[in-house]
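Peer 1: Sharing a structure, written as structure tokens. Questions coming.
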Amino acid sequence: MLLNRSERNFPRVIVIGAGFGGVEVARQLKNKEVEVLLIDRNNYHTFQPLMYQVATGTLASDSISFPIRKMFKNQKNFRFRLAEVLHIDTANKIVQTSVADYDYDYLVVATGATSNFFGNKEVEKYALPMKNIVEALNIRSYLLQNLEEAVLRKNASDRERYLNFVVVGGGPTGVELSGAIAEYQQHMLKIDYPELSTYEMKVHLVEGTGKILGALSEKSSRDAELYLKELGVNIVLNTTVNGYDGNTVTLSSGEQIPTKTVIWGAGVMGQMPTGIKEEIIQRGNRIKIDEQCRVEGENNIYAIGDVSALITDENPRGLPGVAPVAQQQGKYVAGHIINSLNKQSSENFKYFDKGSMATVGRARAVVDLGNFHMKGFLAWATWMFVHLVSIFGFRNRVVTFVNWTIKFLTRNSGIRLIIHKYNRPEPSKPVVSVSEQQ
């Protein structure tokens with residue numbers, strides 16, 4: 001079914017994706033003489049920077065999610081459709097979806113990114129990605145499932161692979177995940193599982209470059225590394241993952257770590273519907289855009305956020321895949337569309353870097369604000385404040401703040417529930433336990 005252009009009084013702007021960038025475009029177009037149609041496969045927006053806290057049981061999934069329709073309930077020129085986008089027909093200006101076909105005057109592709117396993121199908125099969133709420137909940141369940149399995153094993157050698165947790169990727173996601181799992185080991189493992197020793201549980205962080213938090217300053221990288229080591233995390237640098245058969249992860253150094261749990265945060269790649277010209281797809285499966293965020297070769301199609309690649313002399317690899325980039329691009333694109341409708345020109349997009357930060361557990365964090373560096377409790381409080389005010393919804397802010405406060409005061413809080421058991425593919429080579437060999 002094609003919705004006819006004649007049904008509308010104003011030009012239609014279709015936004016694909018309800019991430020930070022897509023939501024910002026729609027918000028900025030409020031009360032403008034356009035019709036906004038937002039399409040997403042989910043009916044909620046996710047605050048991705050706190051996804052790791054869902055994965056480690058600190059927060060419930062609905063604390064970092066907000067219904068899209070409720071978000072825009074007071075915006076009269078806004079419509080939402082829960083659908084999967086199948087194809088973009090750029091010649092006829094039509095977006096084909098699983099529920100209907102919609103024509104557009106302007107199109108904004110803000111579909112975000114998914115995990116990049118760099119072609120390693122074996123790792124992709126068994127490792128746990130964390131790019132959406134469902135995947136975060138899978139991690140939470142699987143972490144707890146493996147602890148439950150470890151309790152059933154009498155021999156330490158049989159428990160080892162259930163108590164080894166390997167996080168791949170030393171960016172903010174990997175660092176924050178490693179710190180959260182290590183804090184569970186130190187403060188809650190003995191309470192929940194008195195049969196297990198804290199010394200048996202080990203957290204490994206594997207990073208392919210020479211330092212963690214590569215996008216932050218050298219000071220932040222060193223401080224974060226020190227914090228992780230204080231928590232007992234084993235940091236493996238200049239090392240990549242060669243293979244993972246579901247029981248043992250093999251590193252490029254030749255080292256093998258027996259583990260049932262590999263969490264993948266080593267890379268991302270853009271995800272998008274078909275219809276974008278293949279010749280403009282850049283490294284990381286991203287769409288090449290010009291300095292006004294338009295898809296190369298198109299005047300009325302924009303791409304923003306993780307799915308876009310703004311290649312310039314200043315940024316030969318494109319802009320970083322962080323929320324502020326998507327939000328600033330979203331605000332810019334909304335203004336660009338209005339200027340285009342009014343036959344006005346727009347200056348080129350310029351990204352303003354407000355700073356970077358990462359938390360490494362309770363009262364441990366690093367913050368870079370230009371040349372100014374913070375660490376420790378003050379940085380952690382800054383990190384908490386910035387993230388708290390950025391979450392959509394008053395209820396979500398209150399619930400998150402209460403959870404954080406209780407955890408800070410007691411060191412023993414969280415949602416350690418296995419609601420839906422995660423069934424990972426069974427390894428092709430089952431491990432024979434010591435007890436079975438005897």
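By order in the structure tokens, chains are A, B, ...; within a chain, residues start at 1; ligands start at 1, following the order shown.
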If we count only C-alpha atoms and set the cut-off at 10 Å, which residues sit around range 214-228 of chain A, ignoring sequence neighbours fewer than 6 positions away in its own chain? Please answer as a VMD selection string.

Peer 2: chain A and resid 170 to 172 175 to 176 178 to 180 182 to 183 203 205 207 234 to 235 320 355 to 361 364 to 376

Peer 1: Find the residues of range 241-265 of chain A that sit at most 12 Å from range 147-153 of chain A; for each, write down the nearest two atoms and how far apart they are in Å, to one decimal. Count only C-alpha atoms. Sort by chain, then by number going up, and give it as JSON lines.

Peer 2:
```
{"residue": "A:Thr259", "atom": "CA", "partner": "A:Ala150", "partner_atom": "CA", "distance": 11.6}
{"residue": "A:Lys260", "atom": "CA", "partner": "A:Glu149", "partner_atom": "CA", "distance": 10.6}
{"residue": "A:Thr261", "atom": "CA", "partner": "A:Leu147", "partner_atom": "CA", "distance": 10.8}
```

Peer 1: Tell me which protein, DNA and RNA residues are within 12 Å of Ile181 in chain A, counting only C-alpha atoms, leaving out same-chain ones fewer than 2 positions away, and put them as a PyMOL selection string.

Peer 2: chain A and resi 52-58+139-140+143-144+163-167+174-179+183-189+198+201-205+228+231-233+261+263+360-362

Peer 1: Rounded to one decimal in Å, what is the spacing between CA of Met71 in chain A and CA of Pro324 in chain A?

Peer 2: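 Interatomic distance here is 19.2 Å.
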
Peer 1: At a cut-off of 6 Å, using only C-alpha atoms, what residues contact Val206 in chain A? Leave out same-chain residues fewer than 6 positions from it and give the result as a VMD selection string.

Peer 2: chain A and resid 168 to 169 236

Peer 1: What does the file look like for those residues with N, CA and C atoms, as a PDB file, in the first residue's frame?

Peer 2:
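Listed below is the output, out-v2.pdb:
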```pdb
ATOM      1  N   VAL A 168      35.860  -8.464  24.785  1.00  0.00           N
ATOM      2  CA  VAL A 168      36.729  -8.114  23.661  1.00  0.00           C
ATOM      3  C   VAL A 168      36.428  -6.679  23.237  1.00  0.00           C
ATOM      4  N   GLY A 169      37.447  -5.832  23.253  1.00  0.00           N
ATOM      5  CA  GLY A 169      37.304  -4.431  22.875  1.00  0.00           C
ATOM      6  C   GLY A 169      37.521  -3.516  24.064  1.00  0.00           C
ATOM      7  N   VAL A 236      44.669  -7.517  28.407  1.00  0.00           N
ATOM      8  CA  VAL A 236      45.542  -8.079  27.374  1.00  0.00           C
ATOM      9  C   VAL A 236      45.561  -7.107  26.196  1.00  0.00           C
TER      10      VAL A 236
END
```

Peer 1: Taking 2 positions as the minimum chain separation for residues in the same chain, which residues sit within 10 Å of range 61-68 of chain A when counting only C-alpha atoms? Answer as a VMD selection string.

Peer 2: chain A and resid 18 23 38 40 42 to 51 53 to 55 57 to 59 70 to 73 79 to 82 133 to 134 136 to 137 391 to 393 395 to 400 403 415

Peer 1: Pull N, CA and C atoms from the residues just selected and write them as a compact mmCIF listing (two decimals), in the first residue's frame.

Peer 2:
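File written: selection.txt
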```txt
# COMPACT_ATOMS: atom_id res chain seq x y z
N ALA A 18 15.10 5.34 15.50
CA ALA A 18 14.75 6.15 16.68
C ALA A 18 15.89 6.19 17.68
N VAL A 23 15.78 10.73 16.70
CA VAL A 23 14.90 11.42 17.65
C VAL A 23 15.15 12.93 17.63
N LEU A 38 8.39 8.96 11.64
CA LEU A 38 9.51 8.20 12.20
C LEU A 38 9.19 6.72 12.11
N ASP A 40 10.64 2.80 12.95
CA ASP A 40 11.63 2.00 13.68
C ASP A 40 11.06 0.61 13.93
N ASN A 42 11.42 -0.99 16.66
CA ASN A 42 10.99 -1.02 18.06
C ASN A 42 10.13 0.20 18.35
N ASN A 43 9.27 0.10 19.34
CA ASN A 43 8.42 1.24 19.68
C ASN A 43 9.00 2.06 20.84
N TYR A 44 10.30 1.96 21.03
CA TYR A 44 10.95 2.69 22.11
C TYR A 44 12.33 3.18 21.68
N HIS A 45 12.77 4.23 22.37
CA HIS A 45 14.14 4.74 22.22
C HIS A 45 14.97 4.18 23.36
N THR A 46 16.21 3.80 23.07
CA THR A 46 17.10 3.23 24.07
C THR A 46 18.26 4.17 24.35
N PHE A 47 18.52 4.38 25.63
CA PHE A 47 19.68 5.19 26.03
C PHE A 47 20.90 4.26 26.08
N GLN A 48 21.56 4.13 24.94
CA GLN A 48 22.60 3.11 24.78
C GLN A 48 23.81 3.23 25.71
N PRO A 49 24.22 4.43 26.13
CA PRO A 49 25.39 4.50 27.02
C PRO A 49 25.24 3.72 28.32
N LEU A 50 24.01 3.42 28.73
CA LEU A 50 23.80 2.66 29.96
C LEU A 50 23.38 1.22 29.69
N MET A 51 23.55 0.77 28.46
CA MET A 51 23.18 -0.60 28.10
C MET A 51 23.95 -1.62 28.93
N GLN A 53 24.77 -1.50 31.92
CA GLN A 53 24.21 -1.66 33.25
C GLN A 53 22.99 -2.57 33.24
N VAL A 54 22.31 -2.65 32.12
CA VAL A 54 21.26 -3.65 31.95
C VAL A 54 21.89 -5.03 31.84
N ALA A 55 22.97 -5.12 31.08
CA ALA A 55 23.65 -6.39 30.87
C ALA A 55 24.24 -6.96 32.16
N GLY A 57 22.97 -6.17 35.27
CA GLY A 57 21.96 -6.25 36.30
C GLY A 57 21.80 -5.05 37.21
N THR A 58 22.48 -3.96 36.93
CA THR A 58 22.33 -2.76 37.76
C THR A 58 20.99 -2.09 37.52
N LEU A 59 20.57 -2.04 36.25
CA LEU A 59 19.32 -1.38 35.88
C LEU A 59 18.41 -2.34 35.13
N LYS A 70 4.98 8.19 23.35
CA LYS A 70 4.88 9.05 24.53
C LYS A 70 5.86 10.21 24.44
N MET A 71 7.00 9.96 23.88
CA MET A 71 8.03 10.99 23.73
C MET A 71 7.53 12.16 22.89
N PHE A 72 6.72 11.85 21.88
CA PHE A 72 6.25 12.87 20.94
C PHE A 72 4.75 13.14 21.06
N LYS A 73 4.18 12.87 22.22
CA LYS A 73 2.73 12.99 22.37
C LYS A 73 2.21 14.41 22.15
N ARG A 79 4.25 11.51 13.32
CA ARG A 79 3.61 10.20 13.24
C ARG A 79 4.70 9.13 13.38
N PHE A 80 4.29 7.99 13.92
CA PHE A 80 5.24 6.88 14.11
C PHE A 80 4.67 5.61 13.51
N ARG A 81 5.54 4.80 12.91
CA ARG A 81 5.15 3.49 12.40
C ARG A 81 6.15 2.44 12.88
N LEU A 82 5.60 1.40 13.51
CA LEU A 82 6.41 0.26 13.94
C LEU A 82 6.56 -0.67 12.75
N ILE A 133 18.67 -3.81 23.48
CA ILE A 133 18.16 -4.25 24.77
C ILE A 133 18.10 -5.78 24.86
N VAL A 134 17.63 -6.42 23.81
CA VAL A 134 17.51 -7.88 23.83
C VAL A 134 18.88 -8.52 24.05
N ALA A 136 21.49 -7.16 25.49
CA ALA A 136 21.92 -6.85 26.85
C ALA A 136 21.28 -7.81 27.84
N LEU A 137 20.00 -8.10 27.66
CA LEU A 137 19.31 -9.04 28.54
C LEU A 137 19.84 -10.46 28.36
N ILE A 391 18.94 10.99 30.21
CA ILE A 391 17.95 9.94 30.05
C ILE A 391 16.57 10.56 29.80
N PHE A 392 15.81 9.98 28.88
CA PHE A 392 14.46 10.45 28.62
C PHE A 392 13.52 10.01 29.74
N GLY A 393 12.67 10.92 30.19
CA GLY A 393 11.62 10.57 31.13
C GLY A 393 11.98 10.81 32.58
N ARG A 395 10.47 9.60 35.27
CA ARG A 395 10.47 8.34 36.00
C ARG A 395 11.78 7.59 35.83
N ASN A 396 12.26 7.52 34.59
CA ASN A 396 13.51 6.81 34.33
C ASN A 396 14.68 7.44 35.09
N ARG A 397 14.69 8.76 35.16
CA ARG A 397 15.77 9.44 35.90
C ARG A 397 15.71 9.10 37.39
N VAL A 398 14.51 9.14 37.94
CA VAL A 398 14.34 8.86 39.37
C VAL A 398 14.73 7.41 39.68
N VAL A 399 14.22 6.47 38.89
CA VAL A 399 14.51 5.05 39.12
C VAL A 399 16.01 4.79 38.99
N THR A 400 16.63 5.37 37.99
CA THR A 400 18.07 5.18 37.80
C THR A 400 18.86 5.75 38.96
N ASN A 403 18.49 3.50 42.03
CA ASN A 403 19.29 2.29 41.87
C ASN A 403 20.76 2.57 42.09
N ILE A 415 19.52 -6.33 39.54
CA ILE A 415 18.44 -7.18 39.06
C ILE A 415 19.06 -8.47 38.56
```

Peer 1: Identify, on the basis of only C-alpha atoms, every residue whose closest approach to Lys331 in chain A does not exceed 10 Å; exclude the query and any residue fewer than 5 positions from it along the same chain; express the result as a PyMOL selection string.

Peer 2: chain A and resi 21-29+326+336

Peer 1: Could you write out the selected residues, including N, CA and C atoms, as a compact mmCIF listing (two decimals), in the first residue's frame?

Peer 2:
```txt
# COMPACT_ATOMS: atom_id res chain seq x y z
N GLY A 21 20.18 10.30 16.94
CA GLY A 21 20.10 11.19 15.79
C GLY A 21 18.70 11.33 15.26
N GLY A 22 18.02 10.20 15.05
CA GLY A 22 16.66 10.23 14.51
C GLY A 22 15.69 10.97 15.41
N VAL A 23 15.78 10.73 16.70
CA VAL A 23 14.90 11.42 17.65
C VAL A 23 15.15 12.93 17.63
N GLU A 24 16.42 13.31 17.53
CA GLU A 24 16.76 14.73 17.53
C GLU A 24 16.21 15.44 16.29
N VAL A 25 16.27 14.78 15.14
CA VAL A 25 15.69 15.37 13.92
C VAL A 25 14.20 15.63 14.13
N ALA A 26 13.50 14.62 14.61
CA ALA A 26 12.05 14.75 14.80
C ALA A 26 11.72 15.84 15.81
N ARG A 27 12.47 15.92 16.89
CA ARG A 27 12.20 16.94 17.92
C ARG A 27 12.43 18.35 17.38
N GLN A 28 13.47 18.52 16.61
CA GLN A 28 13.80 19.84 16.09
C GLN A 28 12.80 20.32 15.04
N LEU A 29 12.04 19.40 14.47
CA LEU A 29 11.06 19.77 13.46
C LEU A 29 9.67 20.04 14.05
N ALA A 326 25.68 12.13 16.75
CA ALA A 326 24.36 11.89 16.16
C ALA A 326 23.39 13.01 16.52
N HIS A 336 18.74 22.23 8.24
CA HIS A 336 19.06 22.21 6.81
C HIS A 336 17.80 21.99 5.98
```

Peer 1: Enumerate as number ranges by chain all residues of range 147-301 of chain A assigned to strand (DSSP E or B) by DSSP on the backbone, naming them with the chain letters and numbers the document uses.

Peer 2: A: 164-168, 202-206, 234-236, 241-244, 248-251, 256-258, 261-264, 268-270, 274, 281-282, 286-289, 294-295, 301

Peer 1: When DSSP works through the backbone of this structure, what residues of range 29-208 of chain A end up as helix (DSSP H, G or I), shown as an MDAnalysis selection string?

Peer 2: chainID A and resid 48:55 61:63 68:71 121:126 133:152 156:163 172:187 189:192

Peer 1: In Å, rounded to a single decimal, give me how far CA of Asn348 in chain A is from CA of Glu291 in chain A.

Peer 2: 5.3 Å

Peer 1: Might you pull out every residue within 9 Å of Thr111 in chain A, with only C-alpha atoms counted and same-chain residues fewer than 4 positions away left off, and present them as a list in words?

Peer 2: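 Counting only C-alpha atoms, the residues come to Ile16, Gly17, Ala18, Gly19, Gly21, Gly22, Asp40, Gly270, Gln271, Met272, Pro273, Ala303, Ile304, Gly305, Asp306 and Val307 of chain A.
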
Peer 1: Okay, now the selection with N, CA and C atoms, as an mmCIF file, in the first residue's frame?

Peer 2:
```
data_model
loop_
_atom_site.group_PDB
_atom_site.id
_atom_site.type_symbol
_atom_site.label_atom_id
_atom_site.label_comp_id
_atom_site.auth_asym_id
_atom_site.auth_seq_id
_atom_site.Cartn_x
_atom_site.Cartn_y
_atom_site.Cartn_z
ATOM 1 N N ILE A 16 14.326 7.320 9.455
ATOM 2 C CA ILE A 16 14.448 5.884 9.709
ATOM 3 C C ILE A 16 15.397 5.684 10.889
ATOM 4 N N GLY A 17 14.852 5.217 12.000
ATOM 5 C CA GLY A 17 15.670 4.951 13.178
ATOM 6 C C GLY A 17 15.374 5.907 14.322
ATOM 7 N N ALA A 18 15.099 5.341 15.503
ATOM 8 C CA ALA A 18 14.749 6.152 16.679
ATOM 9 C C ALA A 18 15.890 6.194 17.682
ATOM 10 N N GLY A 19 17.121 6.257 17.168
ATOM 11 C CA GLY A 19 18.272 6.453 18.044
ATOM 12 C C GLY A 19 18.427 7.927 18.376
ATOM 13 N N GLY A 21 20.185 10.301 16.943
ATOM 14 C CA GLY A 21 20.102 11.193 15.793
ATOM 15 C C GLY A 21 18.698 11.329 15.258
ATOM 16 N N GLY A 22 18.015 10.200 15.055
ATOM 17 C CA GLY A 22 16.662 10.232 14.513
ATOM 18 C C GLY A 22 15.688 10.968 15.406
ATOM 19 N N ASP A 40 10.643 2.799 12.954
ATOM 20 C CA ASP A 40 11.628 1.998 13.684
ATOM 21 C C ASP A 40 11.063 0.611 13.929
ATOM 22 N N GLY A 270 27.899 -0.073 10.195
ATOM 23 C CA GLY A 270 26.610 0.526 9.923
ATOM 24 C C GLY A 270 25.606 -0.502 9.431
ATOM 25 N N GLN A 271 24.343 -0.301 9.794
ATOM 26 C CA GLN A 271 23.276 -1.166 9.284
ATOM 27 C C GLN A 271 22.253 -0.287 8.572
ATOM 28 N N MET A 272 21.837 -0.729 7.417
ATOM 29 C CA MET A 272 20.959 0.109 6.606
ATOM 30 C C MET A 272 20.144 -0.761 5.663
ATOM 31 N N PRO A 273 18.992 -0.282 5.203
ATOM 32 C CA PRO A 273 18.217 -1.017 4.201
ATOM 33 C C PRO A 273 18.900 -0.931 2.842
ATOM 34 N N ALA A 303 22.178 11.164 5.910
ATOM 35 C CA ALA A 303 22.561 10.047 6.778
ATOM 36 C C ALA A 303 23.304 10.636 7.970
ATOM 37 N N ILE A 304 22.959 10.186 9.155
ATOM 38 C CA ILE A 304 23.564 10.738 10.367
ATOM 39 C C ILE A 304 23.890 9.623 11.353
ATOM 40 N N GLY A 305 24.755 9.953 12.314
ATOM 41 C CA GLY A 305 25.097 8.994 13.354
ATOM 42 C C GLY A 305 26.048 7.916 12.886
ATOM 43 N N ASP A 306 25.956 6.748 13.519
ATOM 44 C CA ASP A 306 26.902 5.660 13.264
ATOM 45 C C ASP A 306 26.858 5.120 11.844
ATOM 46 N N VAL A 307 25.755 5.329 11.136
ATOM 47 C CA VAL A 307 25.637 4.784 9.783
ATOM 48 C C VAL A 307 26.274 5.705 8.752
#
```

Peer 1: Restricting the calculation to only C-alpha atoms: of A:Glu160, A:Asp89, A:Glu35, A:Glu122, which residue gets closest to Thr250 in chain A?

Peer 2: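 The answer is A:Glu122, which sits nearest to Thr250 in chain A.
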
Peer 1: Point out the residue among A:Tyr126, A:Tyr193, A:Trp380, A:Tyr199 with the least atom-to-atom distance to Gly246 in chain A, counting only C-alpha atoms.

Peer 2: A:Tyr126

Peer 1: Using only C-alpha atoms, can you tell me which of A:Gln75, A:Thr274, A:Asn242, A:Asn342 comes closest to Val95 in chain A?

Peer 2: A:Thr274
